[in-house]
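Below is one structure, written out as structure tokens; comments come after it.
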Amino acid sequence: MSRKIRVRFAPSPTGGLHLGGVRTVLFNYLFAKKQAGDFIVRIEDTDQTRFVEGAEAYIFDTLAWCGIIPDESPLHGGPFAPYRQSERKAGYRQYAEQLVKDGYAYYAFDTPADLEAMRVAFKTAENPSPQYNQPIREKMRNSLTLSETETKELLAQGTPHVIRIKMPLHETISFTDMIRGEVSFNTSQVDDKVLLKADGMPTYHLAVVVDDYLMKISHAFRGEEWLPSAPVHLLLWKWLGWQADMPEWAHLPLILKPDGNGKLSKRDGDRLGFPVFASDWTDPKTNETTTGFKQHGFLPEAFVNLLAMLGWNDGTDQEIFSMEALIQAFSMDRVHKGGAKFDYEKAKWYNHEWIKKSTAADLKSYVSKIYTDKAIAVTNEALLLKMIDAVKDRCTLLNDFVQQGSFFFQMPESIDTAAIQPKWDDKKNQFFVELIRAYELSSVWETHDLEREFKELAAAHQLKPGELMLPLRIMLVGGKFGPGVFDIAAAIGKTETVNRIKLVTGMLEQGART
RNA sequence: GGCCGGUUCGUCUAUCGGUUAGGACAGCCCCCUUUCACGGGGCAAAGACGGGUUCGAUUCCCGUACCGGCUACCA
């Protein structure tokens, strides 16, 4: 075990980065960084029909937001470039040809129509999806059933063809998965996967093995959905003569939908009202935007934290981890075998914890951006910091700072007069008229003085402060929420405080007359 | 259908054969708070089922059930 740790994340650029995808990246990254290894991003764009413009840039932007910077990638360069499989196309064919030469693979000339016909012809109740496997291949058009001259002729004519792996009969293939332990397969159950497509591009199966070998990948981690094709990859490593360099494997559990069953999908988020992508993704074809955790008001630290805890823990009760702490604590053998249902409530809790834990200075740029987007003018930076400190405990998502704090900078957008109108009377009005006068004459403007003046005046009017605090709060804040009223008054200043009291008493008086 | 994988409170999970099965989210209650939160305290809530192995199984083995993944010239 002296070889350099090198892991890779190999996404195909087909759209937004899904929770499960980011978690796969994260586990790769944590594993590598814990052991001072390299983290590589390789773009698996071998399916040209599924290529989506902008998806690759999106992946790097999103990883950067999470605080994950690859050591090697098409964007960051590296000694094993190129890191896009489409640019490595020319290299794959030789390996497929070598496998044919060695008797481990063969040319297949079946057209899509032939394959379709085969599936229909062999479909039975017991076998609803017939595979291109050992018994079937003998009935198809390939270099195993055709004579050598026929094959050569077809090849020479440029007949479209693929190269398929020739799965052996009744062999047991087993390997040790770092999470699941020993897993074994009978090769008779695996079909003859296409290795090289008719367009000359490799399929995932060939490309992943060739590139992992060429890029000296030491550990290959991927989602559980890949487990069934592991025997194909194992055989390829063996047949290509690279067995000694084969990476160690781990198949990560899936992230499941919160209700019902099955893998979490983008549709579940739309349906249940929470993000599934890490950050906003706009499909260039439909122009449709799917919101991400980032734009939903999540802190990257919280997003990374909640993802890490989905299927992993360090064995203690600790739940809040920074990236550094995760790197320290992470180990693949503590990753679960079973899938985890995603719980958005718990996800929000992580974010709330991180907001509470962050300082006003940490949060300032996020809040500023949101306020700018909402056209809330912040002219006083000290007040912004004061506001963040005052309200962050009540913000679960960053966007909550709008509702919880914008009244520090502008008149509340709506004023819940209905909450106080029924109990409004002349006595209260009189009190506030005098409060305005008292505050206007005030020489000091501090929380405690404001509170003292308020209470003394209430006593003079033979009113309970409790009956007057809520009206004052509504006047300043607009609703039944927020930090202490006198703190708010102190923060927004005399002019603004007096103006708001005047404005709302006016509204209440008018309301009382109608 | 076949193959592979999985199964502890509603959810995320702890437990290296011996525990009153612990924590967290959500829920409910109380305290704090002349608002809303934060905070503090409490309640309720789990080993899929059946067989073994063992002095003793949530833990190890087998079977069953259920759930999931795969079964494309997609990854």
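Within each chain, counting starts at residue 1; across the structure tokens, chains are named A, B, ... in the order shown, with ligands numbered 1 upward in that order.
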
(Q) I'd like the contact shell of G40 of chain B - 12 Å cut-off, only C-alpha atoms (C1' of nucleotides), skipping same-chain residues fewer than 4 positions apart - returned as a list in words. (A)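 Near neighbours after the sequence-gap exclusion: C30, C31 and C32 of chain B.
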
Emit the selected residues as a PDB file, in the first residue's frame, including N, CA, C and O atoms (P, O5', C5', C4', C3', O3' and C1' of nucleotides).
```
ATOM      1  P     C B  30     -47.441  23.530  27.891  1.00  0.00           P
ATOM      2  O5'   C B  30     -46.193  23.585  28.874  1.00  0.00           O
ATOM      3  C5'   C B  30     -46.332  23.163  30.229  1.00  0.00           C
ATOM      4  C4'   C B  30     -44.986  23.162  30.912  1.00  0.00           C
ATOM      5  C3'   C B  30     -44.243  24.492  30.919  1.00  0.00           C
ATOM      6  O3'   C B  30     -44.714  25.366  31.933  1.00  0.00           O
ATOM      7  C1'   C B  30     -42.743  22.757  30.341  1.00  0.00           C
ATOM      8  P     C B  31     -44.515  26.944  31.774  1.00  0.00           P
ATOM      9  O5'   C B  31     -42.944  27.114  31.986  1.00  0.00           O
ATOM     10  C5'   C B  31     -42.358  26.851  33.260  1.00  0.00           C
ATOM     11  C4'   C B  31     -40.859  27.065  33.188  1.00  0.00           C
ATOM     12  C3'   C B  31     -40.431  28.431  32.687  1.00  0.00           C
ATOM     13  O3'   C B  31     -40.453  29.396  33.736  1.00  0.00           O
ATOM     14  C1'   C B  31     -39.160  26.770  31.591  1.00  0.00           C
ATOM     15  P     C B  32     -40.676  30.931  33.384  1.00  0.00           P
ATOM     16  O5'   C B  32     -39.399  31.273  32.486  1.00  0.00           O
ATOM     17  C5'   C B  32     -38.100  31.397  33.080  1.00  0.00           C
ATOM     18  C4'   C B  32     -37.088  31.759  32.006  1.00  0.00           C
ATOM     19  C3'   C B  32     -37.440  32.998  31.205  1.00  0.00           C
ATOM     20  O3'   C B  32     -37.025  34.178  31.877  1.00  0.00           O
ATOM     21  C1'   C B  32     -36.816  31.252  29.734  1.00  0.00           C
TER      22        C B  32
END
```

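Applying a distance limit of 9 Å to only C-alpha atoms (C1' of nucleotides), the residues of chain B near chain A read G1, G2, C3, C4, G5, G6, U7, U11, C12, U13, A14, G23, A24, C25, A26, U34, U35, C36, A37, C38, C67, G68, G69, C70, U71, C73, C74 and A75 of chain B.
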
Q) Contacts of Gly21 of chain A at 12 Å or less, counting only C-alpha atoms (C1' of nucleotides), minus same-chain residues fewer than 4 places along, as a PyMOL selection string? A) (chain A and resi 9-13+15-17+25-28+59+62-63+221-224+252-255+264-265+276-278+307) or (chain B and resi 75)

(Q) Give me, as number ranges by chain, the residues of segment 240-377 of chain A that a backbone DSSP run labels strand (DSSP E or B). (A) A: 248-252, 255-256, 263, 277, 281-282, 289-290, 292, 312, 335, 340-341

Those same residues, written as a compact mmCIF listing (two decimals), in the first residue's frame with C-alpha atoms?
```txt
# COMPACT_ATOMS: atom_id res chain seq x y z
CA GLU A 248 -9.60 -0.63 -4.75
CA TRP A 249 -13.33 -0.30 -5.09
CA ALA A 250 -16.11 1.13 -3.01
CA HIS A 251 -19.73 1.41 -4.07
CA LEU A 252 -21.50 4.18 -2.22
CA ILE A 255 -29.72 8.77 -1.63
CA LEU A 256 -33.40 7.92 -1.65
CA LYS A 263 -33.64 6.96 -5.91
CA PHE A 277 -29.24 20.17 -7.41
CA TRP A 281 -29.13 24.77 -13.32
CA THR A 282 -30.68 26.18 -16.45
CA THR A 289 -34.16 26.60 -14.33
CA THR A 290 -34.03 24.13 -11.50
CA GLY A 292 -30.16 24.58 -6.21
CA TRP A 312 -21.48 8.39 7.11
CA VAL A 335 -19.78 4.55 5.22
CA ALA A 340 -30.53 6.99 3.11
CA LYS A 341 -33.81 8.78 2.63
```

Q. Skipping near chain neighbours, those fewer than 5 positions away, what residues fall within 12 Å of Ala244 of chain A using only C-alpha atoms (C1' of nucleotides), listed as a ChimeraX atom specification?
A. /A:1,3,213,216,218,234,237-239

(Q) Please return, as a PyMOL selection string, all residues of segment 153-234 of chain A that DSSP assigns to alpha helix (DSSP H) on the basis of the backbone. (A) chain A and resi 153-156+204-214+230-234

Q: Quick one: everything within 10 Å of segment 48-60 of chain B, counting only C-alpha atoms (C1' of nucleotides), minus sequence neighbours fewer than 6 positions away in the same chain. Send it as a PyMOL selection string.
A: chain B and resi 7-8+15-18+21+66

Q: Calculate how many Å separate atom CA of Ile415 of chain A from atom CA of Val477 of chain A, rounding to one decimal.
A: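 These two atoms are separated by 7.7 Å.
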
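The residue that comes closest to Glu72 of chain A, out of A:Met215, A:Leu99, A:Met507, A:Thr176 and on the basis of only C-alpha atoms, is A:Met215.
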
Q.
For a test of reading the model, state the distance in Å between atom CA of Gln134 of chain A and atom CA of Leu240 of chain A, rounded to one decimal.
A.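 So the two atoms, atom CA of Gln134 of chain A and atom CA of Leu240 of chain A, lie 20.9 Å apart.
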
Q | Residue with smallest distance to Lys386 of chain A - pool A:Ser365, A:Thr514, A:Phe454, A:Ala491, counting only C-alpha atoms | A |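 The closest residue to Lys386 of chain A is A:Ala491.
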
(Q) Report as a PyMOL selection string all protein, DNA and RNA residues lying within 12 Å of C43 of chain B, evaluated on only C-alpha atoms (C1' of nucleotides), omitting residues in the same chain fewer than 3 positions from it. (A) chain B and resi 27-30
